[in-house]
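Let me begin by presenting the structure, written as structure tokens, before commenting on it.
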Amino acid sequence: MKAFTVHRGLVGPMDRANVDTDMIIPKQFLKSIKRSGFGPNLFDELRYHDEGQPGADCSQRPIKADFPLNLPRYQGASILLARKNFGCGSSREHAPWALEDYGFNALIAPSYADIFYNNCFKNGLLPVNLSEEQVETLFQEMAEKEGYQLSIDLPSQTVTTDSGHVFHFELDEFRKECLLNGLDEIGLTLKEADAIKQYETQRAQQHPWVFGAIK
Amino acid sequence: MTGRTLYDKLWDSHLVKQNTDGSSLIYIDRHVLHEVTSPQAFEGLRLAGRRPWRLDTNIATPDHNISTDKSERAAGVAGMVDEVSRIQVQTLDDNCDFYGIKEFKINEMGQGIVHVMGPELGATMPGMTVVCGDSHTATHGALACLAHGIGTSEVEHVLATQCLVAKKMKNMRVTVNGQLGTGVTPKDVVLAIIGKIGTAGGNEHAIEFAGSVFRDMSIEGRMTVCNMAIEAGARVGMVAVDQKTIDYCEGRQFVPKGEMFQRAASYWQTLVSDADAVFDTEVVLHGDEIAPQVTWGTSPEMVAPVTASVPTLAEQPSEEKRKGLARALEYMGLEGGQSIQSIAVDRVFIGSCTNSRIEDMRAAAAVAKGRSVASTVKQVLVVPGSQMVKAQAEAEGLHEIFIAAGMDWREPGCSMCLAMNADKLGAGEHCASTSNRNFEGRQGNGGRTHLMSPAMAAAAAVAGHIVDVRTLMGENH
């Protein structure tokens, strides 16, 4: 997995609460058996006038000019500034895949839906939690300044603005370690193979019906 | 020592290792797979040169993007018209065949929506940890399982290690006391709960549903409630074991028999929260106060009793709420203050992992019997949740009631809940739907979803607009 340490980049907005995963990547794109190529269809229904189809070329499609991420000033954004409960709805990992493929390295919001939050870390995408007031401050600064950039430092868990704010954010230690080092989580778990086997032996004695039923 | 909640007990019994960084390694008993969220996981497994840790834990079936049309289904996978979908279903078949994973294929008895199939086959049993690459996996919590949705990376993780790295959630108890009135169903209860706590109300929590309303409820009804825990933000929803749970499991295909069943059942009886267990968050509702519910907006928390009106901008407490409401009303093509029952419907969908079990079919048929679909309604899809539900419904003659009323009786699958197949809404169309999400575009680009119970959806089909099903039941309201 891709590691994340520090990142400085252009900020783009998604100024509404409860953005769901159907909005992030609509269902027709879930038919793909690949992990990549979802970027052009990120926020598809909000971005384009027509209905997107999997595999179709998006470069000639009519875009909704007033959708913020379509504005020239936000082209090349790598940090998405969003509102509370971002990523609610389905478990589709296609949502972080699409955000990452579009070019986002980090998200900033007051809160995230649980499954989406978890999925981000598996893909080198850092979801930063700040308070509603701090997020509001960033929205205001972004509105006032074209080319607005932020610096995110994972080791020190801070978001720094050019105006001098330093906002601290919290995240779980194990998630931080995996992201900082780009660790293969499956490889790490397989190092515990003996503990897993020991658990299975003990459990098979206690609850034997859990094993062997499906064949 | 204080007592433990049901969630605490399920967590403790699956703990392989507690790490010093606050994470834990949790053992997974049952892994359910479908075509949409598994191909990349199998590919990852292959690229890393790994194999499934255990085979007898996995159970697979195609459901999300298969056709529900009888003639298209008759030709199996090869007959799937949508080439991209066909490749995805074929990929599931190929992966299951290659690794030796038990799969119920497209037209095989046993196939169905993952969360209908698992419990009805007895593949999910009380006390298990159950995961699936689908957020509605909480459904299985109706059998006192610790069940939740996972992403594709975790599907690969479970395939390779039979474990997940997890952090323990907080405990929430939602108690609904009293009794439900006539015409009020489990769907109305869970929509009322979401209306009360909001779509983020359960974030970071595992919810246990408790109280007389859930004790009185069938196992199928409890599945409807647990299914929508995620719509309240909680990955996990559960109901404690009682005699109904044990009776439901007995005799199902993958459930042990004889002495082993007795041994399992005596363990299952311990799967209740202790009387002195402490919950981090408590929510209480009164069953007698719950009316049939209908969503009017673009989030499941935008819900109201069928007797109410669409909220107005003036009633909103904050600018943020006003903005959200204005956006939802514009998308839905509704006016603030308009009565819910004045909303005309273009299509009706009865199905999904929330409401496609036999008692849902019976409830819809009871309303449809001797009535006809309104002439203004373009289509009514009735989609049983599984081959077993379909067979049972046909044995009871329910399909004939639906067909006589002018409804389409379809083949099992997820269908118009998420519109990955040909079953979808046109732009601007209103749908009375028994599914779980009313997000923008969920049932088709520009489509407008109103979530409700199967009885309410059938009533809307015959009336041509949203209507209080109780008025059709001869009640005076």
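In the structure tokens, chains take letters A, B, ... by order of appearance, with residues numbered from 1 within each chain and ligands from 1 in the order shown.
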Counting only C-alpha atoms, which residues of chain B fall within 7 Å of chain A, and what is the closest atom pair for each with its distance in Å at one decimal, ordered by chain and rising number, as a tab-separated table?
residue	atom	partner	partner_atom	distance
B:Val16	CA	A:Tyr199	CA	6.1
B:Asp21	CA	A:Phe174	CA	5.7
B:Ser23	CA	A:Phe174	CA	6.5
B:Asp29	CA	A:Val210	CA	6.7
B:Val36	CA	A:Lys31	CA	6.3
B:Thr37	CA	A:Arg92	CA	7.0
B:Pro39	CA	A:Ile33	CA	5.4
B:Gln40	CA	A:Lys34	CA	6.0
B:Asp56	CA	A:Ile214	CA	4.9
B:Thr57	CA	A:Ile214	CA	6.6
B:Val84	CA	A:Lys31	CA	6.2
B:Ser85	CA	A:Lys31	CA	5.7
B:Gln88	CA	A:Ile33	CA	6.3
B:Lys102	CA	A:Lys215	CA	6.0
B:Gly133	CA	A:Ser91	CA	6.5
B:Asp134	CA	A:Ser91	CA	5.4
B:Ser135	CA	A:Ser91	CA	4.9
B:Gly149	CA	A:Ser91	CA	6.2
B:Ile150	CA	A:Ser91	CA	6.0
B:Gly151	CA	A:Glu93	CA	5.2
B:Thr152	CA	A:Glu93	CA	5.9
B:Ser153	CA	A:Lys122	CA	6.6
B:His157	CA	A:Ile186	CA	5.6
B:Thr161	CA	A:Leu190	CA	6.4
B:Ala200	CA	A:Asn85	CA	6.3
B:Asn203	CA	A:Asp114	CA	6.4
B:Glu204	CA	A:Asp114	CA	6.5
B:Glu231	CA	A:Gly89	CA	6.9
B:Gly233	CA	A:Ala113	CA	6.6
B:Phe254	CA	A:Ala213	CA	5.7
B:Pro256	CA	A:Trp209	CA	6.2
B:Leu418	CA	A:Lys27	CA	6.9
B:Met420	CA	A:Gln28	CA	5.7
B:Arg442	CA	A:Asp22	CA	6.4
B:Asn445	CA	A:Glu51	CA	6.9
Any chance you could list, as a VMD selection string, the residues in region 124-163 of chain B that come up alpha helix (DSSP H) when DSSP is run on the backbone? chain B and resid 152 to 161
So, with only C-alpha atoms as the atoms that count, which of B:Ala78, B:Val155, B:Glu282, B:Ala144 lies closest to Glu43 (chain B)?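 Closest to Glu43 (chain B) of all the choices is B:Val155.
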Can you list, as a count of residues only, every protein, DNA or RNA residue that comes within 10 Å of Ala391 (chain B) when you count only C-alpha atoms, leaving out same-chain residues fewer than 6 positions away? 5
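The closest residue to Lys196 (chain B), picked from B:His115, B:His450, B:His136, B:His286 and counting only C-alpha atoms, is B:His286.
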In region 225-375 of chain B, what's strand (DSSP E) per DSSP? Answer as JSON, numbers by chain? {"B": [236, 237, 238, 281, 282, 283, 284, 285, 286, 293, 294, 295, 303, 304, 305, 347, 348, 349, 350]}
Can you tell me which residues surround region 295-309 of chain B at a distance of at most 7 Å, considering only C-alpha atoms, apart from same-chain residues fewer than 3 positions away, and format the answer as a list of chain:residue names?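 Non-adjacent residues within range: B:Ile194, B:Gly195, B:Gly198, B:Thr199, B:Glu231, B:Ala291, B:Pro292, B:Ala328, B:Leu329, B:Met332, B:Gly337, B:Gln338, B:Ser339, B:Ile340, B:Gln341, B:Arg437, B:Asn438, B:Phe439, B:Glu440, B:His450, B:Leu451, B:Asp468.
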Given the selection you just returned, output its residues as a file containing N, CA and C atoms, formatted as a PDB file, in the first residue's frame.
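As written to disk, result-v3.pdb reads:
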ATOM      1  N   ILE B 194     -34.484   5.740  12.921  1.00  0.00           N
ATOM      2  CA  ILE B 194     -33.550   6.558  12.128  1.00  0.00           C
ATOM      3  C   ILE B 194     -34.004   8.026  12.158  1.00  0.00           C
ATOM      4  N   GLY B 195     -35.317   8.238  12.089  1.00  0.00           N
ATOM      5  CA  GLY B 195     -35.841   9.601  12.176  1.00  0.00           C
ATOM      6  C   GLY B 195     -35.481  10.261  13.491  1.00  0.00           C
ATOM      7  N   GLY B 198     -31.085   9.991  13.617  1.00  0.00           N
ATOM      8  CA  GLY B 198     -30.386  10.533  12.458  1.00  0.00           C
ATOM      9  C   GLY B 198     -29.446   9.537  11.810  1.00  0.00           C
ATOM     10  N   THR B 199     -28.994   9.843  10.584  1.00  0.00           N
ATOM     11  CA  THR B 199     -28.177   8.884   9.828  1.00  0.00           C
ATOM     12  C   THR B 199     -26.767   8.735  10.386  1.00  0.00           C
ATOM     13  N   GLU B 231     -28.183   2.524   8.186  1.00  0.00           N
ATOM     14  CA  GLU B 231     -28.833   3.791   7.809  1.00  0.00           C
ATOM     15  C   GLU B 231     -28.932   4.730   9.010  1.00  0.00           C
ATOM     16  N   ALA B 291     -46.433   5.371  13.833  1.00  0.00           N
ATOM     17  CA  ALA B 291     -47.376   5.225  12.718  1.00  0.00           C
ATOM     18  C   ALA B 291     -46.602   4.688  11.515  1.00  0.00           C
ATOM     19  N   PRO B 292     -47.281   4.224  10.467  1.00  0.00           N
ATOM     20  CA  PRO B 292     -46.549   3.866   9.245  1.00  0.00           C
ATOM     21  C   PRO B 292     -45.697   5.052   8.781  1.00  0.00           C
ATOM     22  N   ALA B 328     -33.009  18.947  -0.916  1.00  0.00           N
ATOM     23  CA  ALA B 328     -33.777  17.698  -0.985  1.00  0.00           C
ATOM     24  C   ALA B 328     -35.134  17.928  -1.666  1.00  0.00           C
ATOM     25  N   LEU B 329     -35.814  19.030  -1.322  1.00  0.00           N
ATOM     26  CA  LEU B 329     -37.133  19.296  -1.915  1.00  0.00           C
ATOM     27  C   LEU B 329     -37.015  19.520  -3.419  1.00  0.00           C
ATOM     28  N   MET B 332     -36.438  16.171  -5.039  1.00  0.00           N
ATOM     29  CA  MET B 332     -37.636  15.315  -4.962  1.00  0.00           C
ATOM     30  C   MET B 332     -38.838  15.922  -5.681  1.00  0.00           C
ATOM     31  N   GLY B 337     -44.740  21.557   3.249  1.00  0.00           N
ATOM     32  CA  GLY B 337     -46.122  21.692   3.690  1.00  0.00           C
ATOM     33  C   GLY B 337     -47.106  20.808   2.940  1.00  0.00           C
ATOM     34  N   GLN B 338     -46.640  20.234   1.829  1.00  0.00           N
ATOM     35  CA  GLN B 338     -47.501  19.332   1.044  1.00  0.00           C
ATOM     36  C   GLN B 338     -47.766  18.044   1.850  1.00  0.00           C
ATOM     37  N   SER B 339     -48.998  17.529   1.792  1.00  0.00           N
ATOM     38  CA  SER B 339     -49.275  16.316   2.564  1.00  0.00           C
ATOM     39  C   SER B 339     -48.563  15.124   1.921  1.00  0.00           C
ATOM     40  N   ILE B 340     -48.033  14.239   2.764  1.00  0.00           N
ATOM     41  CA  ILE B 340     -47.289  13.074   2.269  1.00  0.00           C
ATOM     42  C   ILE B 340     -48.188  12.251   1.331  1.00  0.00           C
ATOM     43  N   GLN B 341     -49.474  12.166   1.681  1.00  0.00           N
ATOM     44  CA  GLN B 341     -50.371  11.306   0.900  1.00  0.00           C
ATOM     45  C   GLN B 341     -50.760  11.919  -0.454  1.00  0.00           C
ATOM     46  N   ARG B 437     -32.467   2.694   0.958  1.00  0.00           N
ATOM     47  CA  ARG B 437     -31.787   3.977   0.739  1.00  0.00           C
ATOM     48  C   ARG B 437     -32.552   4.822  -0.258  1.00  0.00           C
ATOM     49  N   ASN B 438     -32.718   6.089   0.091  1.00  0.00           N
ATOM     50  CA  ASN B 438     -33.401   7.041  -0.783  1.00  0.00           C
ATOM     51  C   ASN B 438     -32.437   8.115  -1.273  1.00  0.00           C
ATOM     52  N   PHE B 439     -31.159   7.779  -1.365  1.00  0.00           N
ATOM     53  CA  PHE B 439     -30.144   8.731  -1.838  1.00  0.00           C
ATOM     54  C   PHE B 439     -30.445   9.175  -3.274  1.00  0.00           C
ATOM     55  N   GLU B 440     -29.937  10.343  -3.625  1.00  0.00           N
ATOM     56  CA  GLU B 440     -30.072  10.840  -5.002  1.00  0.00           C
ATOM     57  C   GLU B 440     -29.520   9.797  -5.978  1.00  0.00           C
ATOM     58  N   HIS B 450     -39.223   6.814  -2.237  1.00  0.00           N
ATOM     59  CA  HIS B 450     -39.907   6.958  -0.948  1.00  0.00           C
ATOM     60  C   HIS B 450     -39.881   5.598  -0.261  1.00  0.00           C
ATOM     61  N   LEU B 451     -39.139   5.520   0.837  1.00  0.00           N
ATOM     62  CA  LEU B 451     -39.021   4.253   1.554  1.00  0.00           C
ATOM     63  C   LEU B 451     -40.248   4.020   2.420  1.00  0.00           C
ATOM     64  N   ASP B 468     -52.201   5.871   3.525  1.00  0.00           N
ATOM     65  CA  ASP B 468     -52.105   5.188   4.812  1.00  0.00           C
ATOM     66  C   ASP B 468     -52.751   3.812   4.673  1.00  0.00           C
TER      67      ASP B 468
END
Find the residues near region 370-381 of chain B: any atom within 10 Å, counting only C-alpha atoms, skip ones fewer than 4 places away on the same chain, and give them as a PyMOL selection string. chain B and resi 68+344-351+365-366+401-410+415-416+423+425+429-433+457-465
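Computed from the coordinates, the CA of Gln179 (chain B) to CA of Ser212 (chain B) distance equals 7.1 Å.
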Could you name the residues that touch Pro412 (chain B) at 10 Å or less, counting only C-alpha atoms, but leaving out those on the same chain fewer than 6 positions away, as a list of chain:residue names?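 Listing them by chain and then by number gives B:Asp63, B:Ile66, B:Ser67, B:Thr68, B:Asp69, B:Lys70, B:Arg73, B:Ile106, B:Asn107, B:Gln111, B:Gly112, B:Ile113, B:Gly351, B:Ser352, B:Ser356, B:Val382, B:Val383, B:Pro384, B:Gly385, B:Ser386, B:Gln387, B:Met388, B:Val389, B:Lys390.
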Have a look at A:Ala3, A:Leu126, A:Leu150, A:Ala204 and name the one nearest to Leu171 (chain A); count only C-alpha atoms.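 The answer is A:Leu126, which sits nearest to Leu171 (chain A).
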Can you pull out every residue within 7 Å of Val190 (chain B), counting only C-alpha atoms, but drop anything in the same chain fewer than 4 positions away, and send it as a list in words?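 Those residues are Pro186, Ile194, Val225 and Met228 of chain B.
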